[in-house]
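Source file: input-v1.txt (compact mmCIF, C-alpha atoms)
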```txt
# COMPACT_ATOMS: atom_id res chain seq x y z
CA MET J 1326 57.18 49.12 100.04
CA THR J 1327 59.46 52.11 100.32
CA ARG J 1328 61.54 52.15 103.50
CA ARG J 1329 61.39 55.38 105.49
CA LEU J 1330 64.80 55.28 107.13
CA PRO J 1331 66.88 58.13 108.56
CA SER J 1332 70.14 58.90 106.77
CA THR J 1333 73.32 57.44 108.22
CA THR J 1334 74.67 61.01 108.41
CA ALA J 1335 71.85 61.96 110.76
CA LEU J 1336 72.29 58.80 112.83
CA LEU J 1337 76.03 59.35 113.17
CA ALA J 1338 75.32 62.92 114.32
CA LEU J 1339 72.78 61.63 116.84
CA GLU J 1340 75.12 58.95 118.18
CA ALA J 1341 78.01 61.36 118.66
CA ALA J 1342 75.85 64.12 120.16
CA ALA J 1343 74.18 61.64 122.53
CA ARG J 1344 77.51 60.19 123.64
CA HIS J 1345 79.06 63.60 124.27
CA GLN J 1346 75.86 65.36 125.38
CA SER J 1347 77.16 68.21 123.27
CA PHE J 1348 76.64 69.34 119.66
CA ALA J 1349 79.99 71.12 119.72
CA ARG J 1350 81.98 68.05 120.77
CA ALA J 1351 80.08 65.87 118.31
CA ALA J 1352 80.95 68.33 115.55
CA GLN J 1353 84.61 68.23 116.54
CA GLU J 1354 84.65 64.43 116.45
CA LEU J 1355 82.94 64.22 113.05
CA SER J 1356 84.95 67.13 111.58
CA VAL J 1357 81.89 69.23 110.75
CA THR J 1358 80.44 72.44 112.12
CA GLU J 1359 78.22 72.64 115.16
CA GLY J 1360 75.51 74.05 112.90
CA ALA J 1361 75.70 70.94 110.69
CA ILE J 1362 75.10 68.72 113.72
CA SER J 1363 72.19 70.88 114.84
CA ARG J 1364 70.60 70.73 111.38
CA GLN J 1365 70.97 66.94 111.18
CA ILE J 1366 69.34 66.51 114.60
CA ALA J 1367 66.53 68.91 113.71
CA LYS J 1368 65.93 67.06 110.42
CA LEU J 1369 65.85 63.74 112.29
CA GLU J 1370 63.43 65.07 114.90
CA SER J 1371 61.18 66.39 112.13
CA GLN J 1372 61.22 63.06 110.30
CA LEU J 1373 60.45 61.10 113.46
CA ASN J 1374 58.12 63.73 114.94
CA VAL J 1375 59.89 63.16 118.27
CA ARG J 1376 61.92 65.58 120.40
CA LEU J 1377 65.30 63.84 120.82
CA PHE J 1378 67.14 66.64 122.63
CA LEU J 1379 65.93 69.24 125.10
CA ARG J 1380 67.53 72.64 124.55
CA ILE J 1381 68.37 74.15 127.94
CA GLY J 1382 70.05 77.52 127.52
CA ASN J 1383 73.36 76.95 125.72
CA ARG J 1384 73.39 73.23 126.32
CA VAL J 1385 71.45 70.20 125.15
CA GLU J 1386 70.15 67.19 127.03
CA LEU J 1387 68.71 63.95 125.70
CA SER J 1388 65.02 63.40 126.21
CA GLU J 1389 63.90 60.03 127.58
CA LEU J 1390 62.85 58.88 124.10
CA GLY J 1391 66.01 60.36 122.64
CA ALA J 1392 68.24 58.42 125.03
CA ARG J 1393 66.46 55.16 124.20
CA TYR J 1394 66.57 55.77 120.45
CA ALA J 1395 70.22 56.84 120.52
CA ALA J 1396 71.20 53.63 122.35
CA ASP J 1397 69.32 51.52 119.80
CA MET J 1398 70.91 53.35 116.88
CA ARG J 1399 74.37 52.94 118.42
CA ASP J 1400 73.83 49.16 118.43
CA ALA J 1401 72.54 49.33 114.84
CA LEU J 1402 75.55 51.34 113.67
CA ASP J 1403 77.91 48.92 115.44
CA LEU J 1404 76.22 46.02 113.62
CA ILE J 1405 76.51 47.78 110.26
CA GLU J 1406 80.20 48.48 110.88
CA ARG J 1407 80.90 44.89 111.95
CA LYS J 1408 79.11 43.37 108.98
CA THR J 1409 80.84 45.79 106.62
CA ARG J 1410 84.25 44.77 107.97
CA GLN J 1411 83.35 41.11 107.56
CA LEU J 1412 82.32 41.75 103.97
CA LEU J 1413 85.55 43.60 103.23
CA THR J 1414 87.52 40.74 104.76
CA SER J 1415 85.66 38.28 102.53
CA ALA J 1416 86.19 40.47 99.48
CA ARG J 1417 89.94 40.48 100.17
CA SER J 1418 90.03 36.74 100.90
CA ASP J 1419 92.16 36.15 97.84
CA ALA J 1420 94.90 38.15 99.53
CA THR J 1421 94.25 38.02 103.29
CA LEU J 1422 93.46 35.17 105.68
CA GLU J 1423 92.47 35.44 109.33
CA ILE J 1424 93.57 32.29 111.17
CA GLY J 1425 92.86 31.54 114.84
CA VAL J 1426 95.59 29.45 116.43
CA ILE J 1427 96.70 28.15 119.83
CA PRO J 1428 99.50 30.47 121.03
CA THR J 1429 102.07 27.76 121.83
CA LEU J 1430 101.39 25.93 118.56
CA ALA J 1431 101.78 29.22 116.71
CA SER J 1432 105.09 30.19 118.30
CA ARG J 1433 106.72 26.74 118.38
CA TRP J 1434 105.41 25.11 115.20
CA LEU J 1435 103.47 27.33 112.78
CA ILE J 1436 105.43 30.59 112.73
CA PRO J 1437 108.85 28.89 112.18
CA ARG J 1438 107.33 27.38 109.00
CA MET J 1439 105.43 30.43 107.72
CA ALA J 1440 108.34 31.71 105.61
CA ARG J 1441 107.91 28.67 103.36
CA PHE J 1442 104.26 29.54 102.78
CA GLN J 1443 105.14 33.17 102.01
CA GLN J 1444 107.79 32.10 99.53
CA ARG J 1445 105.26 29.89 97.74
CA HIS J 1446 102.33 32.33 97.92
CA PRO J 1447 103.70 35.86 98.33
CA HIS J 1448 100.34 37.42 97.36
CA ILE J 1449 98.56 35.93 100.40
CA GLN J 1450 98.81 37.62 103.79
CA VAL J 1451 98.14 35.40 106.80
CA ASN J 1452 97.05 37.15 110.00
CA LEU J 1453 97.25 35.01 113.15
CA ARG J 1454 94.74 35.53 115.96
CA GLU J 1455 95.28 33.98 119.39
CA ARG J 1456 92.64 31.45 120.41
CA THR J 1457 93.45 29.41 123.53
CA GLU J 1458 90.20 27.40 123.63
CA PRO J 1459 87.47 26.19 121.25
CA PHE J 1460 85.04 29.04 120.48
CA ALA J 1461 81.86 29.93 118.59
CA PHE J 1462 83.39 29.79 115.12
CA THR J 1463 80.31 31.05 113.28
CA ASP J 1464 80.36 34.28 115.33
CA SER J 1465 83.96 35.06 114.39
CA ALA J 1466 85.49 36.74 111.36
CA LEU J 1467 88.10 33.97 111.07
CA HIS J 1468 88.58 31.95 107.90
CA ALA J 1469 89.95 28.97 109.84
CA ALA J 1470 91.26 27.84 113.20
CA ILE J 1471 94.09 25.49 114.16
CA ASN J 1472 93.17 23.98 117.50
CA PHE J 1473 92.72 20.81 119.48
CA GLU J 1474 90.15 18.25 118.40
CA HIS J 1475 86.99 19.09 120.36
CA PRO J 1476 83.21 18.47 120.29
CA ALA J 1477 82.68 22.22 119.81
CA TRP J 1478 83.65 21.80 116.14
CA ALA J 1479 80.89 19.25 115.42
CA ALA J 1480 79.03 21.48 112.91
CA MET J 1481 82.25 22.64 111.22
CA GLN J 1482 84.51 21.08 108.62
CA VAL J 1483 87.37 19.45 110.54
CA GLN J 1484 90.59 18.27 108.90
CA PRO J 1485 92.96 16.22 111.11
CA LEU J 1486 96.54 17.49 110.97
CA PHE J 1487 98.70 15.42 113.33
CA GLU J 1488 98.83 14.10 116.86
CA GLU J 1489 101.63 14.20 119.39
CA PRO J 1490 102.21 12.09 122.52
CA LEU J 1491 102.39 13.89 125.83
CA LEU J 1492 105.86 13.61 127.34
CA ALA J 1493 106.78 14.08 131.00
CA VAL J 1494 109.63 16.61 131.21
CA CYS J 1495 111.44 18.43 133.99
CA HIS J 1496 114.57 20.42 134.81
CA PRO J 1497 117.75 18.27 134.75
CA ASP J 1498 118.22 18.81 138.49
CA LEU J 1499 114.89 17.08 139.17
CA ALA J 1500 115.35 14.16 136.77
CA ALA J 1501 116.71 11.74 139.38
CA ARG J 1502 114.04 12.50 141.97
CA PRO J 1503 111.72 9.51 142.71
CA PRO J 1504 108.27 9.88 141.09
CA ALA J 1505 106.50 9.92 144.46
CA GLU J 1506 108.56 12.98 145.45
CA GLN J 1507 108.30 14.81 142.14
CA PRO J 1508 106.14 17.99 142.15
CA LEU J 1509 103.60 17.83 139.31
CA LEU J 1510 102.41 20.64 137.03
CA HIS J 1511 98.98 20.67 135.39
CA LYS J 1512 97.21 22.33 132.43
CA HIS J 1513 93.89 23.91 133.42
CA ASP J 1514 91.69 22.39 130.73
CA HIS J 1515 93.18 18.89 130.84
CA GLY J 1516 91.66 17.54 134.02
CA ASN J 1517 93.98 15.21 135.90
CA LEU J 1518 96.05 13.54 133.19
CA TRP J 1519 98.69 12.51 135.70
CA ASN J 1520 96.40 9.73 137.01
CA GLU J 1521 96.06 8.37 133.47
CA TYR J 1522 99.78 8.73 132.87
CA ALA J 1523 100.61 6.87 136.09
CA ARG J 1524 98.26 4.03 135.16
CA HIS J 1525 99.69 3.60 131.63
CA ALA J 1526 103.33 4.09 132.64
CA GLY J 1527 103.15 1.88 135.74
CA ILE J 1528 104.47 4.69 137.95
CA ASP J 1529 103.23 5.34 141.47
CA LEU J 1530 102.09 8.97 141.83
CA PRO J 1531 100.29 9.05 145.18
CA ASP J 1532 99.45 12.77 144.99
CA ALA J 1533 98.73 13.08 141.26
CA GLY J 1534 96.03 15.76 141.67
CA SER J 1535 98.13 18.33 143.50
CA GLY J 1536 100.38 21.02 142.07
CA PRO J 1537 100.05 24.36 140.29
CA ARG J 1538 97.94 24.77 137.15
CA PHE J 1539 98.67 26.77 134.02
CA ASP J 1540 96.54 27.99 131.09
CA ARG J 1541 99.01 27.24 128.28
CA PHE J 1542 101.58 24.64 127.38
CA SER J 1543 104.12 27.44 126.99
CA LEU J 1544 103.67 28.32 130.67
CA LEU J 1545 103.98 24.66 131.65
CA ILE J 1546 107.23 24.41 129.70
CA ASP J 1547 108.62 27.58 131.28
CA ALA J 1548 107.69 26.29 134.73
CA ALA J 1549 109.40 22.97 134.06
CA LYS J 1550 112.55 24.75 132.81
CA ALA J 1551 112.51 26.85 135.99
CA GLY J 1552 112.63 23.69 138.09
CA ILE J 1553 109.11 24.05 139.54
CA GLY J 1554 108.10 20.49 138.68
CA MET J 1555 107.29 17.83 136.08
CA ALA J 1556 105.05 18.79 133.13
CA LEU J 1557 103.12 16.71 130.58
CA VAL J 1558 103.49 18.45 127.21
CA PRO J 1559 103.43 17.49 123.51
CA ARG J 1560 106.86 16.20 122.54
CA PHE J 1561 107.37 18.52 119.55
CA TYR J 1562 107.01 21.58 121.78
CA VAL J 1563 110.15 20.65 123.73
CA GLU J 1564 112.39 18.91 121.21
CA ASP J 1565 114.89 21.81 121.19
CA GLU J 1566 115.02 21.95 125.00
CA LEU J 1567 115.57 18.18 125.17
CA GLN J 1568 118.38 18.28 122.59
CA GLN J 1569 120.04 21.21 124.36
CA GLY J 1570 119.77 19.56 127.78
CA ARG J 1571 117.57 22.26 129.28
CA LEU J 1572 114.85 19.68 129.91
CA HIS J 1573 115.01 15.95 130.63
CA ALA J 1574 112.39 13.24 130.03
CA PRO J 1575 113.30 10.59 132.64
CA TRP J 1576 109.92 8.81 132.64
CA PRO J 1577 108.43 6.56 129.91
CA GLU J 1578 106.60 8.01 126.94
CA VAL J 1579 102.95 6.90 126.92
CA SER J 1580 101.57 6.64 123.39
CA ALA J 1581 97.97 6.44 124.69
CA LEU J 1582 98.10 10.09 125.84
CA THR J 1583 98.19 12.44 122.87
CA GLU J 1584 97.12 15.88 121.69
CA ARG J 1585 95.35 15.82 118.33
CA TYR J 1586 95.49 19.00 116.26
CA VAL J 1587 92.94 19.87 113.57
CA LEU J 1588 92.15 22.57 111.02
CA VAL J 1589 88.62 23.95 111.45
CA THR J 1590 86.77 25.72 108.63
CA ARG J 1591 83.17 26.51 107.79
CA PRO J 1592 81.25 23.92 105.77
CA GLY J 1593 80.97 24.45 102.03
CA GLU J 1594 83.18 26.04 99.42
CA GLN J 1595 86.30 27.79 100.71
CA PRO J 1596 88.06 30.93 99.38
CA PRO J 1597 90.92 30.07 97.00
CA ALA J 1598 93.53 31.47 99.40
CA LEU J 1599 92.24 29.26 102.19
CA GLU J 1600 92.43 26.18 99.96
CA LEU J 1601 96.08 27.02 99.24
CA PHE J 1602 96.82 27.52 102.93
CA LYS J 1603 95.07 24.24 103.82
CA HIS J 1604 97.08 22.33 101.17
CA TRP J 1605 100.34 23.79 102.47
CA LEU J 1606 99.38 23.10 106.09
CA LEU J 1607 98.70 19.45 105.32
CA GLU J 1608 102.09 19.17 103.63
CA GLU J 1609 103.79 20.60 106.71
CA SER J 1610 101.76 18.36 108.99
CA SER J 1611 102.84 15.28 107.08
CA SER J 1612 106.42 16.00 108.10
CA GLN J 1613 105.48 15.25 111.71
CA ALA J 1614 106.62 11.73 112.62
CA ARG J 1615 103.21 10.91 114.08
CA CYS J 1616 100.96 12.38 111.42
CA VAL J 1617 97.35 11.11 111.50
CA SER J 1618 95.82 9.73 108.33
CA LYS J 1619 93.90 12.20 106.19
CA GLU J 1620 90.15 11.90 106.17
```
Could you rewrite the structure in this file as structure tokens?
Amino acid sequence: MTRRLPSTTALLALEAAARHQSFARAAQELSVTEGAISRQIAKLESQLNVRLFLRIGNRVELSELGARYAADMRDALDLIERKTRQLLTSARSDATLEIGVIPTLASRWLIPRMARFQQRHPHIQVNLRERTEPFAFTDSALHAAINFEHPAWAAMQVQPLFEEPLLAVCHPDLAARPPAEQPLLHKHDHGNLWNEYARHAGIDLPDAGSGPRFDRFSLLIDAAKAGIGMALVPRFYVEDELQQGRLHAPWPEVSALTERYVLVTRPGEQPPALELFKHWLLEESSSQARCVSKE
């Protein structure tokens, strides 16, 4: 059956004219004449047999049906644009990758290593997109995500990368303070890990649930360096600060408390560029002292 659909030119004219409530301003936006907009609207009204605009003197005003139809067509045009961009991204997948990554992991681990990937694969461009929490992967335009292990990835393909123990660190001036008097810092999405830490480390923390909370490990680290309190963070995030003496780790390391990092991709065959990135990422991950076994 032949589809009787309006032209995209007419729909773009309608959307712009409806948004501006003006043929003249729509014409200016679309770089055409006001007469061209008027003709496209008239052609659309004739095709639909519906009055979309009311002509009132020298101005135009959307009819009730016109306002409803214009809103629907705006959503349809947005969908077409979004799907077209996704297709173009897929078509360029041999040269461009969109990777979602935790900000602190990106700045302190991934980006310092990216030059090695570029040297090996100069034809592949890797764009990094900030993702602080697990998300609806299928609704994104990302090729992959590097994030924490999480139940949200159950329907995805998940490749373990490495895991790191959480280390208690603080400013050197606070290192000698008794645990019961040490202010504690927390990460928002980690519940109360200090209770678990105290139990495994055999340390008495009578007020383990109190203290300020932060969204990211990078903020926790900055707060610890500023002398605000003790933070539980993955060891590899603070190795430089520990070596330089800007942070101290006076309490025991608890191997039972770790962060496990994974690479998340869609099920099925992957673009060649993504396979190359995944192979390189696993090589880099294996250099971590506490790399998990590959599945």
May I ask which of the residues J:Glu1370, J:Glu1584, J:Asp1403, J:Glu1389 is the closest one to J:Glu1489, counting all atoms listed in the file?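 Looking only at the distances to J:Glu1489, the closest residue turns out to be J:Glu1584.
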So, counting all atoms listed in the file, which residue among J:Gly1554, J:Pro1476, J:Gly1516, J:Gly1536 is closest to J:Val1494?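 Between J:Gly1554, J:Pro1476, J:Gly1516, J:Gly1536, the residue approaching J:Val1494 most closely is J:Gly1554.
Relative to atom CA of J:Ser1465, atom CA of J:Leu1544 is found at 26.4 Å.
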With all atoms listed in the file as the basis for distance, which of J:Glu1359, J:Pro1559, J:Leu1510, J:Glu1340 is at the shortest distance from J:Arg1399?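 Answer, going by the shortest atom-to-atom distance: J:Glu1340.
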What does the distance from atom CA of J:Ile1362 to atom CA of J:Ala1401 come to in Å, to one decimal?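 Distance reported for this atom pair: 19.6 Å.
Of the residues listed (J:Gly1391, J:Pro1575, J:Pro1597, J:Pro1485), J:Pro1575 shows the shortest atom-to-atom separation from J:Pro1504; distances use only C-alpha atoms.
In this model, the gap between atom CA of J:Arg1329 and atom CA of J:Ala1367 comes to 16.6 Å.
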Taking into account all atoms listed in the file, which residue in the set J:Phe1542, J:Phe1378, J:Phe1561, J:Phe1473 is nearest to J:Trp1434?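 Once distances to J:Trp1434 are computed over all atoms listed in the file, the minimum belongs to J:Phe1561.
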Which residue, J:Gly1382, J:Gly1360, J:Gly1534, J:Gly1425, has the smallest gap to J:Asn1520 when you use only C-alpha atoms?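 Of all the options, J:Gly1534 lies closest to J:Asn1520.
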Exercise: J:Asp1529 partners within 12 Å, only C-alpha atoms, chain neighbours under 6 positions left out, as a list in words: Pro1503, Pro1504, Ala1505, Glu1506, Gln1507, Trp1519, Asn1520, Glu1521, Tyr1522, Ala1523 and Trp1576 of chain J
Quick one: residues within 6 Å of (104.5, 16.3, 131.2) (file frame), counting all atoms listed in the file, please, as a PyMOL selection string. chain J and resi 1492-1494+1555-1558
Per-axis box centre and lengths in Å around stretch 1400-1409 of chain J, 3 Å margin per side, axis-aligned, as JSON:
```
{"center_x": 76.7, "center_y": 47.4, "center_z": 112.5, "size_x": 14.4, "size_y": 14.0, "size_z": 17.8}
```
Final all heavy atoms of stretch 1362-1373 of chain J as a PDB file, in the frame of the given file:
```
ATOM      1  N   ILE J1362      75.658  69.690 112.782  1.00  0.00           N
ATOM      2  CA  ILE J1362      75.100  68.720 113.720  1.00  0.00           C
ATOM      3  C   ILE J1362      73.690  69.118 114.117  1.00  0.00           C
ATOM      4  O   ILE J1362      72.757  68.291 114.131  1.00  0.00           O
ATOM      5  CB  ILE J1362      75.988  68.592 114.978  1.00  0.00           C
ATOM      6  CG1 ILE J1362      77.376  68.036 114.616  1.00  0.00           C
ATOM      7  CG2 ILE J1362      75.315  67.727 116.036  1.00  0.00           C
ATOM      8  CD1 ILE J1362      77.355  66.601 114.156  1.00  0.00           C
ATOM      9  N   SER J1363      73.507  70.400 114.433  1.00  0.00           N
ATOM     10  CA  SER J1363      72.190  70.880 114.840  1.00  0.00           C
ATOM     11  C   SER J1363      71.157  70.664 113.749  1.00  0.00           C
ATOM     12  O   SER J1363      70.021  70.245 114.007  1.00  0.00           O
ATOM     13  CB  SER J1363      72.271  72.365 115.201  1.00  0.00           C
ATOM     14  OG  SER J1363      71.013  72.846 115.628  1.00  0.00           O
ATOM     15  N   ARG J1364      71.542  70.909 112.498  1.00  0.00           N
ATOM     16  CA  ARG J1364      70.600  70.730 111.380  1.00  0.00           C
ATOM     17  C   ARG J1364      70.254  69.252 111.186  1.00  0.00           C
ATOM     18  O   ARG J1364      69.106  68.908 110.893  1.00  0.00           O
ATOM     19  CB  ARG J1364      71.196  71.315 110.095  1.00  0.00           C
ATOM     20  CG  ARG J1364      71.218  72.838 110.072  1.00  0.00           C
ATOM     21  CD  ARG J1364      71.567  73.368 108.692  1.00  0.00           C
ATOM     22  NE  ARG J1364      72.942  73.036 108.302  1.00  0.00           N
ATOM     23  CZ  ARG J1364      73.998  73.770 108.612  1.00  0.00           C
ATOM     24  NH1 ARG J1364      73.846  74.886 109.338  1.00  0.00           N
ATOM     25  NH2 ARG J1364      75.198  73.423 108.218  1.00  0.00           N
ATOM     26  N   GLN J1365      71.240  68.366 111.335  1.00  0.00           N
ATOM     27  CA  GLN J1365      70.970  66.940 111.180  1.00  0.00           C
ATOM     28  C   GLN J1365      70.020  66.434 112.276  1.00  0.00           C
ATOM     29  O   GLN J1365      69.101  65.643 112.007  1.00  0.00           O
ATOM     30  CB  GLN J1365      72.272  66.138 111.214  1.00  0.00           C
ATOM     31  CG  GLN J1365      73.147  66.286 109.982  1.00  0.00           C
ATOM     32  CD  GLN J1365      72.497  65.701 108.743  1.00  0.00           C
ATOM     33  OE1 GLN J1365      71.649  64.811 108.818  1.00  0.00           O
ATOM     34  NE2 GLN J1365      72.883  66.227 107.577  1.00  0.00           N
ATOM     35  N   ILE J1366      70.215  66.915 113.501  1.00  0.00           N
ATOM     36  CA  ILE J1366      69.340  66.510 114.600  1.00  0.00           C
ATOM     37  C   ILE J1366      67.928  67.047 114.379  1.00  0.00           C
ATOM     38  O   ILE J1366      66.931  66.336 114.567  1.00  0.00           O
ATOM     39  CB  ILE J1366      69.887  66.991 115.949  1.00  0.00           C
ATOM     40  CG1 ILE J1366      71.263  66.365 116.227  1.00  0.00           C
ATOM     41  CG2 ILE J1366      68.916  66.665 117.074  1.00  0.00           C
ATOM     42  CD1 ILE J1366      71.258  64.874 116.330  1.00  0.00           C
ATOM     43  N   ALA J1367      67.851  68.319 113.954  1.00  0.00           N
ATOM     44  CA  ALA J1367      66.530  68.910 113.710  1.00  0.00           C
ATOM     45  C   ALA J1367      65.802  68.172 112.583  1.00  0.00           C
ATOM     46  O   ALA J1367      64.591  67.916 112.668  1.00  0.00           O
ATOM     47  CB  ALA J1367      66.696  70.394 113.352  1.00  0.00           C
ATOM     48  N   LYS J1368      66.530  67.801 111.532  1.00  0.00           N
ATOM     49  CA  LYS J1368      65.930  67.060 110.420  1.00  0.00           C
ATOM     50  C   LYS J1368      65.437  65.697 110.891  1.00  0.00           C
ATOM     51  O   LYS J1368      64.348  65.244 110.500  1.00  0.00           O
ATOM     52  CB  LYS J1368      66.971  66.898 109.312  1.00  0.00           C
ATOM     53  CG  LYS J1368      66.477  66.161 108.079  1.00  0.00           C
ATOM     54  CD  LYS J1368      67.574  66.076 107.030  1.00  0.00           C
ATOM     55  CE  LYS J1368      67.105  65.297 105.801  1.00  0.00           C
ATOM     56  NZ  LYS J1368      68.200  65.185 104.794  1.00  0.00           N
ATOM     57  N   LEU J1369      66.220  65.051 111.768  1.00  0.00           N
ATOM     58  CA  LEU J1369      65.850  63.740 112.290  1.00  0.00           C
ATOM     59  C   LEU J1369      64.604  63.851 113.175  1.00  0.00           C
ATOM     60  O   LEU J1369      63.683  63.028 113.092  1.00  0.00           O
ATOM     61  CB  LEU J1369      67.019  63.158 113.076  1.00  0.00           C
ATOM     62  CG  LEU J1369      66.922  61.705 113.538  1.00  0.00           C
ATOM     63  CD1 LEU J1369      66.687  60.759 112.369  1.00  0.00           C
ATOM     64  CD2 LEU J1369      68.197  61.314 114.284  1.00  0.00           C
ATOM     65  N   GLU J1370      64.587  64.870 114.029  1.00  0.00           N
ATOM     66  CA  GLU J1370      63.430  65.070 114.900  1.00  0.00           C
ATOM     67  C   GLU J1370      62.174  65.333 114.077  1.00  0.00           C
ATOM     68  O   GLU J1370      61.075  64.841 114.396  1.00  0.00           O
ATOM     69  CB  GLU J1370      63.695  66.233 115.857  1.00  0.00           C
ATOM     70  CG  GLU J1370      64.721  65.907 116.929  1.00  0.00           C
ATOM     71  CD  GLU J1370      65.012  67.074 117.843  1.00  0.00           C
ATOM     72  OE1 GLU J1370      64.962  68.235 117.368  1.00  0.00           O
ATOM     73  OE2 GLU J1370      65.288  66.851 119.032  1.00  0.00           O
ATOM     74  N   SER J1371      62.323  66.102 112.994  1.00  0.00           N
ATOM     75  CA  SER J1371      61.180  66.390 112.130  1.00  0.00           C
ATOM     76  C   SER J1371      60.685  65.120 111.443  1.00  0.00           C
ATOM     77  O   SER J1371      59.472  64.879 111.345  1.00  0.00           O
ATOM     78  CB  SER J1371      61.576  67.439 111.093  1.00  0.00           C
ATOM     79  OG  SER J1371      60.518  67.668 110.178  1.00  0.00           O
ATOM     80  N   GLN J1372      61.604  64.298 110.981  1.00  0.00           N
ATOM     81  CA  GLN J1372      61.220  63.060 110.300  1.00  0.00           C
ATOM     82  C   GLN J1372      60.526  62.094 111.239  1.00  0.00           C
ATOM     83  O   GLN J1372      59.551  61.430 110.870  1.00  0.00           O
ATOM     84  CB  GLN J1372      62.466  62.400 109.699  1.00  0.00           C
ATOM     85  CG  GLN J1372      62.179  61.117 108.928  1.00  0.00           C
ATOM     86  CD  GLN J1372      63.431  60.494 108.343  1.00  0.00           C
ATOM     87  OE1 GLN J1372      64.531  61.040 108.473  1.00  0.00           O
ATOM     88  NE2 GLN J1372      63.279  59.359 107.674  1.00  0.00           N
ATOM     89  N   LEU J1373      61.017  62.030 112.487  1.00  0.00           N
ATOM     90  CA  LEU J1373      60.450  61.100 113.460  1.00  0.00           C
ATOM     91  C   LEU J1373      59.271  61.678 114.222  1.00  0.00           C
ATOM     92  O   LEU J1373      58.524  60.945 114.874  1.00  0.00           O
ATOM     93  CB  LEU J1373      61.536  60.683 114.470  1.00  0.00           C
ATOM     94  CG  LEU J1373      62.778  59.974 113.905  1.00  0.00           C
ATOM     95  CD1 LEU J1373      63.808  59.776 115.008  1.00  0.00           C
ATOM     96  CD2 LEU J1373      62.390  58.640 113.288  1.00  0.00           C
TER      97      LEU J1373
END
```
